[in-house]
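Remarks on the structure that follows.
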Amino acid sequence: MSIMRLENVKYAYVTGKPVLRGISEELEAGKIYAILGPSGCGKTTLLSLLGGLDSPISGKIYFAEQDIEQDGLMKHRREHVSFIFQSYNLIDYLTPVENVALTSRLPALPVLQKLGLTREEAKRNVLKLSGGQQQRVAIARALTSEAPVILADEPTGNLDENTAAEIVELLKQSAHQMNKCVVVVTHSHELAEQADVIFKLHKGNMQVLNRY
Amino acid sequence: MNLSKRAFLYVIRKRGKSLLLILIFFIIASLVLCGLASLEAERNKSHELRGTTGAGFTIKAKERWGDSENDGSGNFSNVAETKPLSKKMIEKIMSIDGIKAYNANFPTVLAFYDEDGTPYRNDYNDVDPDSSDYPLNLFQGNSCTNTEYAAWFLNRKIALTEGRHITKSDQNTIIISDKLAKRLGLKLGDKISAVINPQEDDPYVTLTIVGLFEVLADEEDPQNSLDSMTLNDLYGGYSYNWFTDMKSMETLNKNYSDGKDSLEESCNLTDFYVNDPKNLERIMQAVQDIKGIDWDDYELIANDEVYERAGDSMSKISSLIRTLMIIIVAISMCIVTLLLTLWVRSRMHETGILLAAGITKISILLQYILEIMLLALCSIPLAYVCSRWIAEGIGRMLGETGVIVTTQHLALVCSFGIPLLIAAVLLSSIPMMRLSPKEILTKTN
């Protein structure tokens, strides 16, 4: 059964250039989805719309068959989705533990340690961490969230191979074991191949490349 | 994590920004507090001035000259008639709100003698005593119901330096100038024997000196030589004048009384003293509106020279302080608004993240407001303590003791300042809050 559904979603930039030309698709809980496509094709935009960060110019997006706009985008962001941003988007005056605590009531330290941060690093100001460490904090923030949908934009972009593999494994666990719906935007075909469904976004249209 | 924890963490971890804002709030609050203290000190001084400069007005009975009369031997003379204020008229005037007291004046000329009967010489006209038949011991002055409210004292032409004023209940009392006392070898407590006309069978009265005054006006100034309280300038200016009580004058004037019960009803000059010089015009208008007084018979003269002079400089200072305060407040508001706009703008990225995390706009705004309140809480009490010290210094510099920052000033600063800060944060946040989280994050990433 679908947890999220897109119904003829269209989006254009302020300049008028169309980005998404009517996308209809269903996303199920317990699966991991990968979205591939060239730079600037609208992958991040699609993720933003799924996450309620913006609104389509036409069409609807449903969560549990409720129109997210009617239900309230704020509520959708708070209760239904959690983000892993490409540029981490951490609060600069908070520690990793405190950044995770922004969206989660679960203990942050074990997850951070699992992702390779030491206790000391977890209590340091985030600006004093490396890019890779900051990305792990952003991932931890999403993984500890109780939201049933995880939206990840290039989650392994700044990570080494081993850590990237660990992250992918965690995302798969979130989907298959915790029954979350995980949507990942990526350039990495290796990561995409780990997904249950691969979408390709091209010239505003989305098609399924593979279903596993 | 709740908004108050986020606010607290921001304030303590962004030390540089926090300290900068604390410093700016501190400077502005101190300036405003000192300004308020100065304004209040000036207001109090003004109020004090109004209460002590003794403004009032004089009602003078106009002289109406009758037809010339032939005395039978070819000499023609005419007599001026006046209509002094009656007791009833004075009561009506005194019933007007704002009039504090009055003084009736009866000017005349008295001859002065010492206790041995030797005449005191009036050396004003410098006449050779051996060649003149003219009585040289004549001095002019006024008997009063209350010398404290006599026009010369009110207008600060003269000021009491020793002893006390004469009141309605006094008898056998006199006030002279310190210069005259020195010239005649007299001091407080000494006695003068006085009579209106020593060549007639007029009664003598022994008067005790109960007060001495100094002359503040310029006696050489022609404008000061003759005014409503003097008969003529033959007997000298302010320093040659005297004041006595009405009871003594009733005795002295026995042979010349026109049958009236009280000499007060023969006074052509009555001075009235008001509580607040600011109300003088209104009160004088109210006096003129009294029914039963024919104003064709009287002249109404304002006595507010001193207040006008002092009030002028006070109002200039007051105006300056008020202008400075307006400038300080206006500039402060601009600085605070600009600063908070920049401060909120610098939080744009954070706002986008918080919105993306599902934190409501209200929660974010409340967090920012709480942060500013925490900073204000640090700076305002500090400003209060320092401004008390600064205000004291300003007061010492200006020779004033009343420049004090009070808790009322603090309350005023808080009650206007805090809503202003909140408004500045809200206004600065509006443009940002209108954007979607995606737009914010796109702009800031």
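The way I read the labels, and the way they are meant: chains A, B, ... in the order of the structure tokens, residue 1 as the first residue of every chain, and ligand 1 as the first ligand shown, with later ones counted on from there.
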Only residues of chain A matter here; which ones have an atom within 8 Å of chain B, counting only C-alpha atoms? Give them as a PyMOL selection string.
chain A and resi 48+53-54+74-79+82-83+87+89-91+93-94+98+101-103
Based on the backbone DSSP call, show me all residues of range 277-337 of chain B assigned strand (DSSP E), as a PyMOL selection string.
chain B and resi 298-303
Any idea what's packed within 9 Å of range 145-161 of chain A, counting only C-alpha atoms, ignoring anything in its chain fewer than 6 positions away? Could you give it as a short mmCIF file (atom, residue, chain, number, x, y, z; two decimals) with all heavy atoms, in the first residue's frame?
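Dumped everything to out34.cif:
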data_model
loop_
_atom_site.label_atom_id
_atom_site.label_comp_id
_atom_site.auth_asym_id
_atom_site.auth_seq_id
_atom_site.Cartn_x
_atom_site.Cartn_y
_atom_site.Cartn_z
N ILE A 3 2.39 4.86 0.75
CA ILE A 3 2.39 5.80 1.87
C ILE A 3 2.37 7.23 1.33
O ILE A 3 1.80 8.12 1.95
CB ILE A 3 3.60 5.55 2.80
CG1 ILE A 3 3.46 6.38 4.07
CG2 ILE A 3 4.91 5.82 2.10
CD1 ILE A 3 4.42 5.97 5.17
N MET A 4 3.00 7.40 0.15
CA MET A 4 2.94 8.72 -0.49
C MET A 4 2.56 8.54 -1.94
O MET A 4 2.90 7.52 -2.57
CB MET A 4 4.29 9.44 -0.39
CG MET A 4 4.56 10.02 0.99
SD MET A 4 5.84 11.28 1.02
CE MET A 4 4.94 12.68 0.42
N ALA A 29 5.72 2.14 1.80
CA ALA A 29 6.52 1.99 3.02
C ALA A 29 7.30 0.68 2.91
O ALA A 29 6.87 -0.26 2.22
CB ALA A 29 5.61 1.95 4.24
N LYS A 43 15.74 16.76 -9.58
CA LYS A 43 15.69 15.69 -8.57
C LYS A 43 15.49 16.30 -7.17
O LYS A 43 14.62 15.85 -6.41
CB LYS A 43 16.99 14.89 -8.57
CG LYS A 43 17.37 14.28 -9.89
CD LYS A 43 18.60 13.39 -9.77
CE LYS A 43 19.87 14.13 -9.36
NZ LYS A 43 20.30 15.08 -10.37
N THR A 44 16.30 17.33 -6.86
CA THR A 44 16.20 17.96 -5.55
C THR A 44 14.86 18.64 -5.39
O THR A 44 14.24 18.62 -4.32
CB THR A 44 17.36 18.97 -5.34
OG1 THR A 44 18.60 18.27 -5.48
CG2 THR A 44 17.30 19.63 -3.99
N LEU A 47 12.32 16.15 -4.50
CA LEU A 47 12.49 15.77 -3.09
C LEU A 47 11.87 16.85 -2.19
O LEU A 47 11.23 16.55 -1.18
CB LEU A 47 13.97 15.62 -2.78
CG LEU A 47 14.35 14.49 -1.84
CD1 LEU A 47 13.96 13.13 -2.38
CD2 LEU A 47 15.85 14.52 -1.54
N SER A 48 12.09 18.13 -2.57
CA SER A 48 11.54 19.26 -1.78
C SER A 48 10.03 19.22 -1.76
O SER A 48 9.40 19.47 -0.73
CB SER A 48 11.99 20.59 -2.36
OG SER A 48 13.38 20.69 -2.38
N LEU A 50 8.16 16.50 -2.21
CA LEU A 50 7.76 15.35 -1.38
C LEU A 50 7.85 15.69 0.10
O LEU A 50 7.03 15.26 0.90
CB LEU A 50 8.68 14.15 -1.68
CG LEU A 50 8.37 13.36 -2.95
CD1 LEU A 50 9.50 12.37 -3.25
CD2 LEU A 50 7.04 12.62 -2.86
N GLY A 51 8.84 16.55 0.42
CA GLY A 51 9.06 16.89 1.83
C GLY A 51 8.25 18.08 2.31
O GLY A 51 8.36 18.47 3.47
N ARG A 77 6.02 18.18 7.43
CA ARG A 77 7.47 18.24 7.66
C ARG A 77 7.84 17.74 9.06
O ARG A 77 8.88 17.12 9.26
CB ARG A 77 7.99 19.66 7.49
CG ARG A 77 7.90 20.18 6.07
CD ARG A 77 8.77 21.41 5.88
NE ARG A 77 8.34 22.57 6.63
CZ ARG A 77 7.54 23.51 6.15
NH1 ARG A 77 7.08 23.44 4.92
NH2 ARG A 77 7.22 24.56 6.89
N ARG A 78 6.97 18.06 10.02
CA ARG A 78 7.27 17.70 11.40
C ARG A 78 7.03 16.24 11.69
O ARG A 78 7.79 15.60 12.41
CB ARG A 78 6.42 18.57 12.34
CG ARG A 78 6.78 18.46 13.81
CD ARG A 78 6.04 19.46 14.68
NE ARG A 78 4.62 19.33 14.58
CZ ARG A 78 3.81 20.26 14.05
NH1 ARG A 78 4.31 21.38 13.58
NH2 ARG A 78 2.51 20.07 13.99
N GLU A 79 5.93 15.69 11.09
CA GLU A 79 5.51 14.35 11.53
C GLU A 79 5.76 13.24 10.51
O GLU A 79 5.90 12.08 10.89
CB GLU A 79 4.02 14.36 11.88
CG GLU A 79 3.71 15.25 13.07
CD GLU A 79 2.21 15.37 13.33
OE1 GLU A 79 1.42 14.59 12.74
OE2 GLU A 79 1.84 16.25 14.11
N HIS A 80 5.80 13.62 9.22
CA HIS A 80 5.80 12.56 8.22
C HIS A 80 7.15 12.34 7.56
O HIS A 80 7.41 11.24 7.06
CB HIS A 80 4.77 12.87 7.12
CG HIS A 80 3.39 13.09 7.65
ND1 HIS A 80 2.44 13.84 7.00
CD2 HIS A 80 2.79 12.65 8.79
CE1 HIS A 80 1.32 13.86 7.70
NE2 HIS A 80 1.51 13.13 8.79
N VAL A 81 7.97 13.35 7.47
CA VAL A 81 9.23 13.21 6.72
C VAL A 81 10.42 13.67 7.57
O VAL A 81 10.28 14.48 8.48
CB VAL A 81 9.20 14.02 5.41
CG1 VAL A 81 8.11 13.54 4.48
CG2 VAL A 81 9.08 15.49 5.67
N SER A 82 11.58 13.12 7.22
CA SER A 82 12.83 13.67 7.75
C SER A 82 13.82 13.77 6.59
O SER A 82 13.78 12.96 5.67
CB SER A 82 13.39 12.78 8.86
OG SER A 82 13.71 11.51 8.36
N PHE A 83 14.66 14.79 6.65
CA PHE A 83 15.54 15.10 5.52
C PHE A 83 16.99 14.78 5.80
O PHE A 83 17.47 14.92 6.93
CB PHE A 83 15.47 16.60 5.22
CG PHE A 83 14.36 16.99 4.30
CD1 PHE A 83 13.16 17.44 4.81
CD2 PHE A 83 14.52 16.89 2.93
CE1 PHE A 83 12.12 17.79 3.95
CE2 PHE A 83 13.49 17.23 2.08
CZ PHE A 83 12.29 17.68 2.58
N ILE A 84 17.69 14.36 4.75
CA ILE A 84 19.16 14.38 4.76
C ILE A 84 19.53 15.28 3.59
O ILE A 84 19.32 14.92 2.43
CB ILE A 84 19.77 12.98 4.57
CG1 ILE A 84 19.23 12.04 5.65
CG2 ILE A 84 21.29 13.06 4.62
CD1 ILE A 84 19.58 10.58 5.39
N PHE A 85 20.02 16.51 3.89
CA PHE A 85 20.31 17.48 2.84
C PHE A 85 21.71 17.26 2.28
O PHE A 85 22.63 16.82 2.99
CB PHE A 85 20.22 18.90 3.40
CG PHE A 85 18.83 19.32 3.78
CD1 PHE A 85 18.42 19.27 5.11
CD2 PHE A 85 17.93 19.76 2.83
CE1 PHE A 85 17.14 19.66 5.47
CE2 PHE A 85 16.65 20.15 3.18
CZ PHE A 85 16.25 20.10 4.51
N GLN A 86 21.86 17.64 1.06
CA GLN A 86 23.17 17.55 0.40
C GLN A 86 24.18 18.44 1.13
O GLN A 86 25.34 18.11 1.27
CB GLN A 86 23.03 17.98 -1.05
CG GLN A 86 24.25 17.70 -1.89
CD GLN A 86 24.01 17.99 -3.36
OE1 GLN A 86 23.02 18.60 -3.74
NE2 GLN A 86 24.91 17.53 -4.20
N SER A 87 23.75 19.62 1.57
CA SER A 87 24.65 20.53 2.27
C SER A 87 24.45 20.49 3.79
O SER A 87 24.64 21.49 4.47
CB SER A 87 24.45 21.96 1.74
OG SER A 87 23.07 22.27 1.75
N TYR A 88 24.10 19.32 4.29
CA TYR A 88 23.97 18.98 5.70
C TYR A 88 22.90 19.81 6.41
O TYR A 88 22.03 19.26 7.09
CB TYR A 88 25.29 19.10 6.49
CG TYR A 88 26.53 18.88 5.68
CD1 TYR A 88 27.62 19.74 5.75
CD2 TYR A 88 26.64 17.78 4.83
CE1 TYR A 88 28.75 19.52 5.01
CE2 TYR A 88 27.77 17.56 4.07
CZ TYR A 88 28.83 18.44 4.16
OH TYR A 88 29.95 18.24 3.41
N VAL A 100 20.74 16.61 16.45
CA VAL A 100 19.87 15.43 16.32
C VAL A 100 18.63 15.63 17.18
O VAL A 100 17.51 15.28 16.76
CB VAL A 100 20.64 14.16 16.73
CG1 VAL A 100 19.70 12.98 16.85
CG2 VAL A 100 21.76 13.86 15.74
N THR A 103 14.98 17.18 16.06
CA THR A 103 13.84 16.50 15.45
C THR A 103 13.56 15.14 16.09
O THR A 103 12.65 14.44 15.66
CB THR A 103 14.12 16.25 13.96
OG1 THR A 103 15.38 15.58 13.84
CG2 THR A 103 14.18 17.55 13.18
N SER A 104 14.35 14.79 17.09
CA SER A 104 14.16 13.45 17.65
C SER A 104 14.23 13.46 19.16
O SER A 104 14.99 14.22 19.76
CB SER A 104 15.24 12.53 17.09
OG SER A 104 15.22 11.29 17.76
N ARG A 105 13.42 12.58 19.74
CA ARG A 105 13.48 12.45 21.21
C ARG A 105 14.34 11.25 21.62
O ARG A 105 14.60 11.02 22.78
CB ARG A 105 12.07 12.29 21.77
CG ARG A 105 11.35 13.63 21.90
CD ARG A 105 9.93 13.47 22.31
NE ARG A 105 9.11 13.09 21.16
CZ ARG A 105 7.79 13.23 21.11
NH1 ARG A 105 7.14 13.70 22.13
NH2 ARG A 105 7.11 12.87 20.04
N LEU A 106 14.77 10.49 20.61
CA LEU A 106 15.56 9.29 20.92
C LEU A 106 17.00 9.69 21.23
O LEU A 106 17.46 10.74 20.78
CB LEU A 106 15.55 8.34 19.71
CG LEU A 106 14.17 7.77 19.34
CD1 LEU A 106 14.27 7.01 18.02
CD2 LEU A 106 13.64 6.88 20.45
N GLY A 131 33.64 17.87 6.84
CA GLY A 131 32.44 17.76 6.02
C GLY A 131 31.79 16.39 6.14
O GLY A 131 30.56 16.26 6.26
N GLY A 132 32.63 15.38 6.14
CA GLY A 132 32.13 14.01 6.24
C GLY A 132 31.46 13.75 7.58
O GLY A 132 30.41 13.12 7.65
N GLN A 133 32.06 14.29 8.64
CA GLN A 133 31.48 14.13 9.97
C GLN A 133 30.15 14.86 10.07
O GLN A 133 29.20 14.37 10.66
CB GLN A 133 32.46 14.65 11.04
CG GLN A 133 33.64 13.74 11.27
CD GLN A 133 34.66 14.38 12.21
OE1 GLN A 133 34.92 15.58 12.15
NE2 GLN A 133 35.26 13.57 13.07
N GLN A 135 28.14 15.40 7.64
CA GLN A 135 27.13 14.64 6.90
C GLN A 135 26.60 13.49 7.73
O GLN A 135 25.41 13.19 7.69
CB GLN A 135 27.73 14.12 5.60
CG GLN A 135 26.66 13.58 4.65
CD GLN A 135 27.12 13.61 3.21
OE1 GLN A 135 28.32 13.49 2.95
NE2 GLN A 135 26.19 13.76 2.29
N ARG A 136 27.47 12.89 8.52
CA ARG A 136 27.03 11.78 9.39
C ARG A 136 26.05 12.28 10.43
O ARG A 136 25.12 11.58 10.81
CB ARG A 136 28.23 11.12 10.04
CG ARG A 136 28.89 10.13 9.12
CD ARG A 136 30.13 9.53 9.73
NE ARG A 136 31.30 9.91 8.97
CZ ARG A 136 32.53 9.50 9.26
NH1 ARG A 136 32.76 8.72 10.29
NH2 ARG A 136 33.54 9.87 8.50
N ALA A 138 24.00 14.79 9.97
CA ALA A 138 22.73 15.01 9.24
C ALA A 138 22.00 13.69 9.04
O ALA A 138 20.77 13.62 9.14
CB ALA A 138 23.02 15.68 7.91
N ILE A 139 22.76 12.65 8.75
CA ILE A 139 22.16 11.32 8.56
C ILE A 139 21.59 10.81 9.87
O ILE A 139 20.48 10.27 9.93
CB ILE A 139 23.19 10.34 7.96
CG1 ILE A 139 23.54 10.76 6.53
CG2 ILE A 139 22.68 8.90 8.00
CD1 ILE A 139 24.77 10.11 5.96
N ILE A 167 26.36 3.64 5.41
CA ILE A 167 25.17 4.50 5.36
C ILE A 167 24.08 3.84 4.53
O ILE A 167 22.91 3.83 4.91
CB ILE A 167 25.54 5.89 4.80
CG1 ILE A 167 26.56 6.60 5.70
CG2 ILE A 167 24.31 6.74 4.58
CD1 ILE A 167 26.13 6.79 7.11
N VAL A 168 24.47 3.30 3.40
CA VAL A 168 23.49 2.65 2.53
C VAL A 168 22.83 1.50 3.27
O VAL A 168 21.60 1.29 3.19
CB VAL A 168 24.17 2.15 1.22
CG1 VAL A 168 23.22 1.28 0.43
CG2 VAL A 168 24.63 3.34 0.39
N LEU A 171 20.33 2.79 5.64
CA LEU A 171 19.11 3.25 4.94
C LEU A 171 18.25 2.04 4.55
O LEU A 171 17.01 2.08 4.67
CB LEU A 171 19.49 4.06 3.70
CG LEU A 171 20.08 5.45 3.96
CD1 LEU A 171 20.59 6.10 2.68
CD2 LEU A 171 19.07 6.37 4.63
N SER A 174 16.53 0.86 7.57
CA SER A 174 15.40 1.74 7.89
C SER A 174 14.19 1.38 7.06
O SER A 174 13.05 1.37 7.54
CB SER A 174 15.77 3.20 7.61
OG SER A 174 16.82 3.61 8.42
N ALA A 175 14.45 1.06 5.78
CA ALA A 175 13.34 0.71 4.89
C ALA A 175 12.82 -0.68 5.20
O ALA A 175 11.63 -0.89 5.46
CB ALA A 175 13.80 0.81 3.44
N MET A 178 12.59 -1.28 9.51
CA MET A 178 11.75 -0.34 10.27
C MET A 178 10.55 0.12 9.44
O MET A 178 9.79 1.00 9.89
CB MET A 178 12.60 0.85 10.71
CG MET A 178 13.67 0.42 11.71
SD MET A 178 14.92 1.68 12.01
CE MET A 178 13.97 2.87 12.86
N ASN A 179 10.40 -0.46 8.25
CA ASN A 179 9.24 -0.21 7.40
C ASN A 179 9.10 1.26 7.00
O ASN A 179 7.99 1.79 6.81
CB ASN A 179 7.95 -0.68 8.09
CG ASN A 179 6.89 -1.02 7.05
OD1 ASN A 179 7.19 -1.57 5.97
ND2 ASN A 179 5.64 -0.69 7.34
N LYS A 180 10.25 1.96 6.86
CA LYS A 180 10.14 3.35 6.43
C LYS A 180 10.19 3.40 4.91
O LYS A 180 10.64 2.47 4.25
CB LYS A 180 11.32 4.16 7.00
CG LYS A 180 11.29 4.24 8.52
CD LYS A 180 12.12 5.37 9.05
CE LYS A 180 12.03 5.39 10.56
NZ LYS A 180 12.44 6.63 11.16
N CYS A 181 9.73 4.47 4.37
CA CYS A 181 9.84 4.72 2.95
C CYS A 181 11.06 5.62 2.76
O CYS A 181 11.07 6.73 3.30
CB CYS A 181 8.60 5.41 2.40
SG CYS A 181 8.74 5.91 0.69
N VAL A 182 12.08 5.14 2.07
CA VAL A 182 13.31 5.91 1.91
C VAL A 182 13.45 6.32 0.44
O VAL A 182 13.39 5.46 -0.45
CB VAL A 182 14.55 5.09 2.34
CG1 VAL A 182 15.83 5.91 2.14
CG2 VAL A 182 14.40 4.65 3.80
N VAL A 183 13.58 7.60 0.20
CA VAL A 183 13.76 8.10 -1.17
C VAL A 183 15.13 8.78 -1.22
O VAL A 183 15.39 9.71 -0.46
CB VAL A 183 12.65 9.11 -1.55
CG1 VAL A 183 12.83 9.56 -3.00
CG2 VAL A 183 11.28 8.49 -1.36
N VAL A 184 15.96 8.29 -2.13
CA VAL A 184 17.33 8.81 -2.19
C VAL A 184 17.59 9.42 -3.57
O VAL A 184 17.33 8.77 -4.59
CB VAL A 184 18.36 7.68 -1.94
CG1 VAL A 184 19.77 8.22 -2.02
CG2 VAL A 184 18.08 7.00 -0.61
N VAL A 185 18.05 10.64 -3.58
CA VAL A 185 18.50 11.27 -4.84
C VAL A 185 20.02 11.04 -4.90
O VAL A 185 20.72 11.34 -3.94
CB VAL A 185 18.18 12.77 -4.85
CG1 VAL A 185 19.03 13.52 -5.86
CG2 VAL A 185 16.70 12.99 -5.11
N THR A 186 20.49 10.51 -6.00
CA THR A 186 21.91 10.20 -6.08
C THR A 186 22.42 10.22 -7.50
O THR A 186 21.66 10.04 -8.46
CB THR A 186 22.18 8.82 -5.43
OG1 THR A 186 23.60 8.57 -5.44
CG2 THR A 186 21.48 7.70 -6.20
N HIS A 187 23.75 10.47 -7.60
CA HIS A 187 24.43 10.32 -8.90
C HIS A 187 25.06 8.94 -8.99
O HIS A 187 25.49 8.50 -10.04
CB HIS A 187 25.55 11.36 -9.05
CG HIS A 187 25.04 12.73 -9.31
ND1 HIS A 187 24.35 13.07 -10.44
CD2 HIS A 187 25.12 13.86 -8.57
CE1 HIS A 187 24.04 14.36 -10.39
NE2 HIS A 187 24.49 14.87 -9.27
N SER A 188 25.12 8.28 -7.79
CA SER A 188 25.89 7.03 -7.69
C SER A 188 25.05 5.85 -8.14
O SER A 188 24.01 5.53 -7.55
CB SER A 188 26.36 6.85 -6.24
OG SER A 188 26.75 5.53 -6.02
N LEU A 191 24.95 3.08 -5.48
CA LEU A 191 23.92 3.29 -4.45
C LEU A 191 22.55 2.96 -5.04
O LEU A 191 21.71 2.31 -4.43
CB LEU A 191 23.98 4.73 -3.93
CG LEU A 191 22.85 5.22 -3.01
CD1 LEU A 191 22.69 4.33 -1.78
CD2 LEU A 191 23.11 6.66 -2.55
#
Spatial neighbours of Asn122 in chain B, max dist 7 Å, only C-alpha atoms, sep filter under 4 positions, as a PDB file with N, CA, C and O atoms, in the first residue's frame:
ATOM      1  N   LEU B 136      13.455 117.255  56.569  1.00  0.00           N
ATOM      2  CA  LEU B 136      14.436 116.384  55.914  1.00  0.00           C
ATOM      3  C   LEU B 136      14.382 114.938  56.407  1.00  0.00           C
ATOM      4  O   LEU B 136      15.183 114.130  56.014  1.00  0.00           O
ATOM      5  N   ASN B 137      13.439 114.699  57.330  1.00  0.00           N
ATOM      6  CA  ASN B 137      13.368 113.329  57.858  1.00  0.00           C
ATOM      7  C   ASN B 137      12.158 112.568  57.315  1.00  0.00           C
ATOM      8  O   ASN B 137      11.573 111.729  57.980  1.00  0.00           O
ATOM      9  N   LEU B 138      11.783 112.911  56.068  1.00  0.00           N
ATOM     10  CA  LEU B 138      10.636 112.242  55.465  1.00  0.00           C
ATOM     11  C   LEU B 138      11.092 111.064  54.627  1.00  0.00           C
ATOM     12  O   LEU B 138      12.048 111.166  53.852  1.00  0.00           O
ATOM     13  N   PHE B 139      10.408 109.978  54.795  1.00  0.00           N
ATOM     14  CA  PHE B 139      10.708 108.759  54.028  1.00  0.00           C
ATOM     15  C   PHE B 139       9.395 108.208  53.509  1.00  0.00           C
ATOM     16  O   PHE B 139       8.383 108.201  54.232  1.00  0.00           O
TER      17      PHE B 139
END
